[in-house]
$ cat start-v3.csv   # CSV, C-alpha atoms and all ligand atoms
chain,number,residue,atom,x,y,z
A,9,MET,CA,0.7,18.4,2.3
A,10,SER,CA,-2.7,17.9,0.9
A,11,HIS,CA,-1.9,14.6,-0.9
A,12,VAL,CA,-0.7,12.9,2.4
A,13,HIS,CA,-3.5,11.2,4.3
A,14,VAL,CA,-2.9,9.8,7.7
A,15,SER,CA,-5.8,7.9,9.0
A,16,GLN,CA,-7.5,9.1,12.2
A,17,HIS,CA,-9.9,6.2,12.4
A,18,PRO,CA,-10.1,4.8,15.9
A,19,LEU,CA,-10.0,1.2,14.6
A,20,VAL,CA,-6.9,1.9,12.6
A,21,LEU,CA,-5.2,3.5,15.6
A,22,HIS,CA,-6.2,0.6,17.8
A,23,LYS,CA,-5.1,-2.1,15.4
A,24,LEU,CA,-1.8,-0.3,14.5
A,25,SER,CA,-0.9,-0.2,18.2
A,26,VAL,CA,-1.4,-3.9,18.6
A,27,LEU,CA,0.6,-4.4,15.4
A,28,ARG,CA,3.6,-2.5,16.7
A,29,ASP,CA,3.7,-4.5,19.9
A,30,LYS,CA,6.8,-6.8,19.9
A,31,GLU,CA,4.7,-9.4,21.7
A,32,THR,CA,2.3,-9.7,18.8
A,33,ASP,CA,3.0,-13.1,17.1
A,34,HIS,CA,3.2,-13.8,13.3
A,35,ARG,CA,-0.4,-15.1,13.0
A,36,ALA,CA,-1.9,-12.1,14.8
A,37,PHE,CA,0.4,-9.8,12.9
A,38,ARG,CA,-0.8,-11.1,9.5
A,39,GLU,CA,-4.4,-10.8,10.5
A,40,LEU,CA,-3.9,-7.2,11.7
A,41,VAL,CA,-2.2,-6.3,8.4
A,42,ARG,CA,-5.2,-7.7,6.5
A,43,GLU,CA,-7.7,-5.8,8.7
A,44,LEU,CA,-5.7,-2.5,8.4
A,45,ALA,CA,-5.6,-3.0,4.6
A,46,LEU,CA,-9.5,-3.2,4.6
A,47,LEU,CA,-9.8,-0.1,6.6
A,48,LEU,CA,-7.3,1.9,4.7
A,49,THR,CA,-8.8,0.9,1.4
A,50,TYR,CA,-12.0,2.4,2.4
A,51,GLU,CA,-10.3,5.7,3.0
A,52,ALA,CA,-8.0,5.6,-0.1
A,53,THR,CA,-10.8,4.9,-2.6
A,54,ARG,CA,-13.1,7.8,-1.7
A,55,ASP,CA,-12.6,9.4,-5.1
A,56,LEU,CA,-13.0,6.2,-7.2
A,57,PRO,CA,-15.0,7.1,-10.3
A,58,LEU,CA,-18.5,5.7,-10.6
A,59,GLN,CA,-20.8,5.2,-13.5
A,60,PRO,CA,-24.6,5.4,-13.0
A,61,LYS,CA,-26.5,2.1,-13.3
A,62,THR,CA,-30.2,1.3,-12.7
A,63,VAL,CA,-30.8,-1.6,-10.3
A,64,THR,CA,-34.0,-3.6,-10.1
A,65,THR,CA,-35.0,-4.2,-6.5
A,66,PRO,CA,-37.9,-6.5,-5.5
A,67,MET,CA,-40.0,-3.3,-5.3
A,68,GLY,CA,-39.0,-1.6,-8.5
A,69,GLU,CA,-36.2,0.4,-10.1
A,70,ALA,CA,-33.5,2.2,-8.1
A,71,LYS,CA,-30.7,4.5,-9.0
A,72,GLY,CA,-27.4,2.7,-8.6
A,73,TYR,CA,-23.7,3.0,-9.3
A,74,LYS,CA,-21.0,0.8,-10.7
A,75,SER,CA,-17.3,1.1,-10.2
A,76,GLU,CA,-15.9,0.0,-13.6
A,77,ASP,CA,-12.2,1.1,-13.5
A,78,ALA,CA,-9.8,-1.8,-13.5
A,79,ILE,CA,-7.5,-1.3,-10.5
A,80,GLY,CA,-4.1,-2.7,-10.4
A,81,LEU,CA,-2.8,-3.7,-6.9
A,82,VAL,CA,0.9,-3.5,-6.9
A,83,PRO,CA,2.4,-5.1,-3.8
A,84,ILE,CA,6.1,-4.6,-3.4
A,85,LEU,CA,7.6,-8.0,-2.5
A,86,ARG,CA,7.8,-9.3,0.1
A,87,ALA,CA,6.1,-7.2,2.8
A,88,GLY,CA,3.5,-5.7,0.5
A,89,LEU,CA,1.9,-9.2,0.0
A,90,GLY,CA,0.2,-9.0,3.4
A,91,LEU,CA,-1.9,-6.0,2.3
A,92,VAL,CA,-3.2,-7.7,-0.9
A,93,ASP,CA,-6.0,-9.9,0.6
A,94,GLY,CA,-7.7,-7.1,2.5
A,95,VAL,CA,-7.7,-4.8,-0.5
A,96,MET,CA,-8.9,-7.5,-2.8
A,97,GLU,CA,-11.9,-8.2,-0.5
A,98,MET,CA,-13.0,-4.6,-0.9
A,99,LEU,CA,-12.5,-3.8,-4.5
A,100,PRO,CA,-14.7,-5.0,-7.3
A,101,ASN,CA,-12.4,-5.2,-10.3
A,102,VAL,CA,-8.7,-5.8,-9.4
A,103,GLN,CA,-5.7,-7.2,-11.0
A,104,VAL,CA,-2.5,-8.0,-8.9
A,105,TRP,CA,0.8,-7.1,-10.4
A,106,HIS,CA,3.8,-8.0,-8.2
A,107,ILE,CA,7.0,-6.0,-8.2
A,108,GLY,CA,10.0,-7.5,-6.5
A,109,LEU,CA,12.4,-5.1,-4.9
A,110,TYR,CA,14.7,-5.5,-2.0
A,111,ARG,CA,16.6,-2.8,-0.2
A,112,ASP,CA,20.4,-3.2,-0.4
A,113,GLU,CA,21.5,-3.3,3.3
A,114,LYS,CA,24.5,-1.0,2.7
A,115,THR,CA,23.3,1.5,0.2
A,116,LEU,CA,19.6,1.3,1.2
A,117,ARG,CA,18.9,1.5,-2.5
A,118,PRO,CA,16.1,-0.6,-4.0
A,119,VAL,CA,17.2,-3.5,-6.2
A,120,GLU,CA,14.6,-4.9,-8.7
A,121,TYR,CA,14.4,-8.7,-8.9
A,122,TYR,CA,10.8,-9.4,-10.2
A,123,ASN,CA,8.7,-7.6,-12.8
A,124,ARG,CA,6.3,-9.4,-15.1
A,125,LEU,CA,4.2,-6.4,-16.3
A,126,PRO,CA,2.9,-6.9,-19.8
A,127,THR,CA,3.9,-4.4,-22.5
A,128,ALA,CA,0.8,-2.3,-22.4
A,129,PRO,CA,-1.1,-1.3,-19.3
A,130,THR,CA,-4.2,-3.3,-18.4
A,131,VAL,CA,-5.5,-1.1,-15.6
A,132,GLN,CA,-6.5,2.5,-15.2
A,133,VAL,CA,-5.5,3.0,-11.6
A,134,CYS,CA,-2.7,1.5,-9.6
A,135,LEU,CA,-2.5,1.2,-5.8
A,136,VAL,CA,1.1,0.5,-4.7
A,137,LEU,CA,1.1,-1.5,-1.5
A,138,ASP,CA,3.9,-1.6,1.0
A,139,PRO,CA,3.5,-1.6,4.8
A,140,MET,CA,6.7,0.5,5.2
A,141,LEU,CA,7.7,3.8,3.6
A,142,ALA,CA,11.2,4.2,5.0
A,143,THR,CA,13.7,6.1,2.8
A,144,GLY,CA,11.0,6.0,0.1
A,145,GLY,CA,13.4,4.5,-2.4
A,146,SER,CA,11.3,1.4,-3.1
A,147,ALA,CA,8.1,3.4,-3.5
A,148,VAL,CA,9.7,5.9,-5.9
A,149,ALA,CA,11.2,3.1,-8.0
A,150,THR,CA,7.8,1.3,-8.2
A,151,VAL,CA,6.0,4.4,-9.2
A,152,ASP,CA,8.7,5.0,-11.8
A,153,ILE,CA,8.1,1.5,-13.2
A,154,LEU,CA,4.3,2.0,-13.3
A,155,LYS,CA,4.6,5.4,-15.0
A,156,ARG,CA,6.9,3.9,-17.6
A,157,TRP,CA,4.3,1.2,-18.1
A,158,GLY,CA,1.8,3.9,-18.9
A,159,VAL,CA,-0.4,4.3,-15.9
A,160,SER,CA,-0.8,7.9,-14.7
A,161,ARG,CA,-3.3,7.5,-11.8
A,162,ILE,CA,-1.3,6.0,-9.0
A,163,LYS,CA,-1.7,6.0,-5.2
A,164,PHE,CA,0.5,4.7,-2.5
A,165,MET,CA,-1.0,2.8,0.5
A,166,GLY,CA,1.0,1.7,3.5
A,167,LEU,CA,0.9,1.4,7.2
A,168,ILE,CA,3.8,3.4,8.7
A,169,ALA,CA,5.9,6.1,7.0
A,170,ALA,CA,9.0,8.0,8.0
A,171,PRO,CA,9.0,11.7,7.3
A,172,GLU,CA,12.0,11.1,5.1
A,173,GLY,CA,10.1,8.7,2.9
A,174,VAL,CA,7.0,10.9,2.6
A,175,GLU,CA,9.2,13.8,1.5
A,176,ARG,CA,11.1,11.7,-1.0
A,177,LEU,CA,8.0,10.2,-2.6
A,178,SER,CA,6.3,13.6,-2.6
A,179,LYS,CA,9.2,15.3,-4.3
A,180,ALA,CA,9.7,12.6,-6.9
A,181,HIS,CA,5.9,12.1,-7.6
A,182,PRO,CA,3.8,15.0,-6.2
A,183,ASP,CA,0.8,13.6,-8.1
A,184,VAL,CA,0.8,10.4,-6.1
A,185,PRO,CA,-1.5,10.5,-3.0
A,186,ILE,CA,0.0,8.8,0.1
A,187,HIS,CA,-2.4,6.9,2.5
A,188,VAL,CA,-0.9,5.6,5.7
A,189,ALA,CA,-1.9,4.8,9.3
A,190,SER,CA,1.0,6.7,10.8
A,191,ILE,CA,3.9,9.0,10.1
A,192,ASP,CA,6.5,8.1,12.7
A,193,ASP,CA,9.4,10.1,14.1
A,194,ARG,CA,12.4,9.4,11.9
A,195,LEU,CA,14.7,6.8,10.3
A,196,ASN,CA,17.5,5.4,12.4
A,197,GLU,CA,21.1,4.9,11.1
A,198,ILE,CA,20.3,1.6,9.4
A,199,GLY,CA,17.2,2.9,7.7
A,200,PHE,CA,14.5,1.5,10.0
A,201,ILE,CA,11.5,3.6,10.9
A,202,MET,CA,11.5,4.7,14.6
A,203,PRO,CA,9.6,3.7,16.6
A,204,GLY,CA,7.9,1.7,13.7
A,205,LEU,CA,7.2,-2.0,14.2
A,206,GLY,CA,10.5,-3.7,13.2
A,207,ASP,CA,10.9,-5.5,9.9
A,208,ALA,CA,7.4,-5.9,8.4
A,209,GLY,CA,8.5,-8.8,6.1
A,210,ASP,CA,10.1,-10.8,8.9
A,211,ARG,CA,7.2,-10.3,11.3
A,212,GLN,CA,4.7,-11.5,8.7
A,213,PHE,CA,6.6,-14.5,7.5
A,214,GLY,CA,8.4,-15.5,10.7
A,215,THR,CA,11.9,-15.1,9.2
B,1,LIG,C1,11.3,-3.1,3.3
B,1,LIG,C2,9.9,-2.7,3.2
B,1,LIG,C3,9.8,-1.8,2.0
B,1,LIG,C4,11.2,-1.2,2.0
B,1,LIG,C5,11.0,0.2,2.5
B,1,LIG,O1,11.5,-4.2,2.4
B,1,LIG,O2,9.0,-3.7,3.2
B,1,LIG,O3,9.6,-2.5,0.8
B,1,LIG,O4,12.0,-2.0,2.9
B,1,LIG,O5,12.2,0.8,2.5
B,1,LIG,P1,12.5,2.1,1.6
B,1,LIG,O6,11.4,3.0,1.7
B,1,LIG,O7,13.8,2.6,2.3
B,1,LIG,O8,12.8,1.7,0.2
B,1,LIG,P2,12.8,-5.0,2.3
B,1,LIG,O9,13.8,-4.5,1.4
B,1,LIG,O10,13.4,-5.2,3.7
B,1,LIG,O11,12.3,-6.4,1.7
B,1,LIG,P3,11.2,-7.4,2.2
B,1,LIG,O12,9.9,-6.8,2.0
B,1,LIG,O13,11.5,-8.6,1.4
B,1,LIG,O14,11.4,-7.7,3.7
$ encode --input "start-v3.csv" --output "structure tokens" --more "lines below"
Ligand code: PRP
Amino acid sequence: MSHVHVSQHPLVLHKLSVLRDKETDHRAFRELVRELALLLTYEATRDLPLQPKTVTTPMGEAKGYKSEDAIGLVPILRAGLGLVDGVMEMLPNVQVWHIGLYRDEKTLRPVEYYNRLPTAPTVQVCLVLDPMLATGGSAVATVDILKRWGVSRIKFMGLIAAPEGVERLSKAHPDVPIHVASIDDRLNEIGFIMPGLGDAGDRQFGT
């Protein structure tokens, strides 16, 4: 699928392996999530539009560029929070709009509990952030919310996806590119990605 991008960068592969390790503690886990967010942002923003801009250097004028689009970062609470800092460090013009969803443990369906989006969209592009794309329910629901808000250019950025989640998001929103560090084997019977890394929210926040 041409809109699904799995990073092959050696640093991403190295850091993701440390992240998966059950011996990695919360502090190291959070730092790795931030670093992976930096690296994946570089890959996910390759097609960011640029406007030409002349820059005056100490030696004269140079041709330059400016990225003017306002980009909305949309972390899905809670686990998506860990990706925000890394992405914010890289992008020049961002706004952060949190969406609160939790997955019902029995039905695995996303339940919305926080959404403070203003009536009219204030950004041109949205980057949905969630480390885990499991059944895909949370990502699909978030993209639904953003499209209803009026944003049409949306990307999903995460760390680990299950094939089931990639398929569901792709079917529901074929126009949304998916950027991840890995597509793992499958979901288990309780909706966890295998082999995955466990619960990304719990591992970041020590719960
Ligand atoms: C996890 C994860 C995603 C979601 C993925 O969150 O962080 O948001 O599940 O599952 P899905 O693709 O099947 O929807 P969870 O509901 O456990 O909440 P948390 O982030 O607060 O831990």
$ residues_near_ligand --input "start-v3.csv" --ligand "ligand LIG 1 (chain B)" --cutoff "8 Å" --atoms "all atoms listed in the file" --output "list in words"
Ile84, Leu85, Arg86, Ala87, Gly88, Leu109, Tyr110, Arg111, Asp112, Leu116, Arg117, Pro118, Asp138, Pro139, Met140, Leu141, Ala142, Thr143, Gly144, Gly145, Ser146, Ala147, Gly173, Gly199, Phe200, Asp207, Ala208, Gly209 and Asp210 of chain A
$ atom_distance --input "start-v3.csv" --atom1 "CA of Lys30 (chain A)" --atom2 "CA of Met202 (chain A)"
13.5 Å
$ atom_distance --input "start-v3.csv" --atom1 "CA of Ile186 (chain A)" --atom2 "CA of Gly166 (chain A)"
7.9 Å
$ residues_around --input "start-v3.csv" --residues "His13 (chain A)" --least-positions-apart "3" --cutoff "10 Å" --atoms "all atoms listed in the file" --output "PyMOL selection string"
chain A and resi 9-10+16+51-52+165+185-191
$ atom_distance --input "start-v3.csv" --atom1 "CA of Arg38 (chain A)" --atom2 "CA of Gly214 (chain A)"
10.3 Å
$ closest_residue --input "start-v3.csv" --among "A:Gly80, A:Pro18, A:Pro66, A:Gly206" --to "Arg161 (chain A)" --atoms "all atoms listed in the file"
A:Gly80
$ residues_near_point --input "start-v3.csv" --point "(-1.6, -2.7, -17.2)" --cutoff "8 Å" --atoms "all atoms listed in the file" --output "PDB file with C-alpha atoms, in the frame of the given file"
ATOM      1  CA  GLY A  80      -4.100  -2.700 -10.400  1.00  0.00           C
ATOM      2  CA  LEU A 125       4.200  -6.400 -16.300  1.00  0.00           C
ATOM      3  CA  PRO A 126       2.900  -6.900 -19.800  1.00  0.00           C
ATOM      4  CA  THR A 127       3.900  -4.400 -22.500  1.00  0.00           C
ATOM      5  CA  ALA A 128       0.800  -2.300 -22.400  1.00  0.00           C
ATOM      6  CA  PRO A 129      -1.100  -1.300 -19.300  1.00  0.00           C
ATOM      7  CA  THR A 130      -4.200  -3.300 -18.400  1.00  0.00           C
ATOM      8  CA  VAL A 131      -5.500  -1.100 -15.600  1.00  0.00           C
ATOM      9  CA  GLN A 132      -6.500   2.500 -15.200  1.00  0.00           C
ATOM     10  CA  TRP A 157       4.300   1.200 -18.100  1.00  0.00           C
ATOM     11  CA  GLY A 158       1.800   3.900 -18.900  1.00  0.00           C
ATOM     12  CA  VAL A 159      -0.400   4.300 -15.900  1.00  0.00           C
TER      13      VAL A 159
END
$ closest_residue --input "start-v3.csv" --among "A:His11, A:Arg28, A:His17, A:His181" --to "Ala149 (chain A)" --atoms "all atoms listed in the file"
A:His181
$ closest_residue --input "start-v3.csv" --among "A:Cys134, A:Gly68, A:Pro57, A:Leu44" --to "Pro83 (chain A)" --atoms "only C-alpha atoms"
A:Cys134
$ closest_residue --input "start-v3.csv" --among "A:Ile198, A:Leu47, A:Arg35, A:Arg54" --to "Ser15 (chain A)" --atoms "all atoms listed in the file"
A:Leu47
$ residues_around --input "start-v3.csv" --residues "Val102 (chain A)" --least-positions-apart "6" --cutoff "8 Å" --atoms "all atoms listed in the file" --output "mmCIF file with C-alpha atoms, keeping the file's coordinate frame"
data_model
loop_
_atom_site.group_PDB
_atom_site.id
_atom_site.type_symbol
_atom_site.label_atom_id
_atom_site.label_comp_id
_atom_site.auth_asym_id
_atom_site.auth_seq_id
_atom_site.Cartn_x
_atom_site.Cartn_y
_atom_site.Cartn_z
ATOM 1 C CA ALA A 78 -9.800 -1.800 -13.500
ATOM 2 C CA ILE A 79 -7.500 -1.300 -10.500
ATOM 3 C CA GLY A 80 -4.100 -2.700 -10.400
ATOM 4 C CA LEU A 81 -2.800 -3.700 -6.900
ATOM 5 C CA MET A 96 -8.900 -7.500 -2.800
#
$ closest_residue --input "start-v3.csv" --among "A:Ser75, A:Thr215, A:Thr150, A:Thr32" --to "Asn101 (chain A)" --atoms "only C-alpha atoms"
A:Ser75
$ closest_residue --input "start-v3.csv" --among "A:Leu99, A:Val14, A:Leu19, A:Val26" --to "Thr53 (chain A)" --atoms "only C-alpha atoms"
A:Leu99
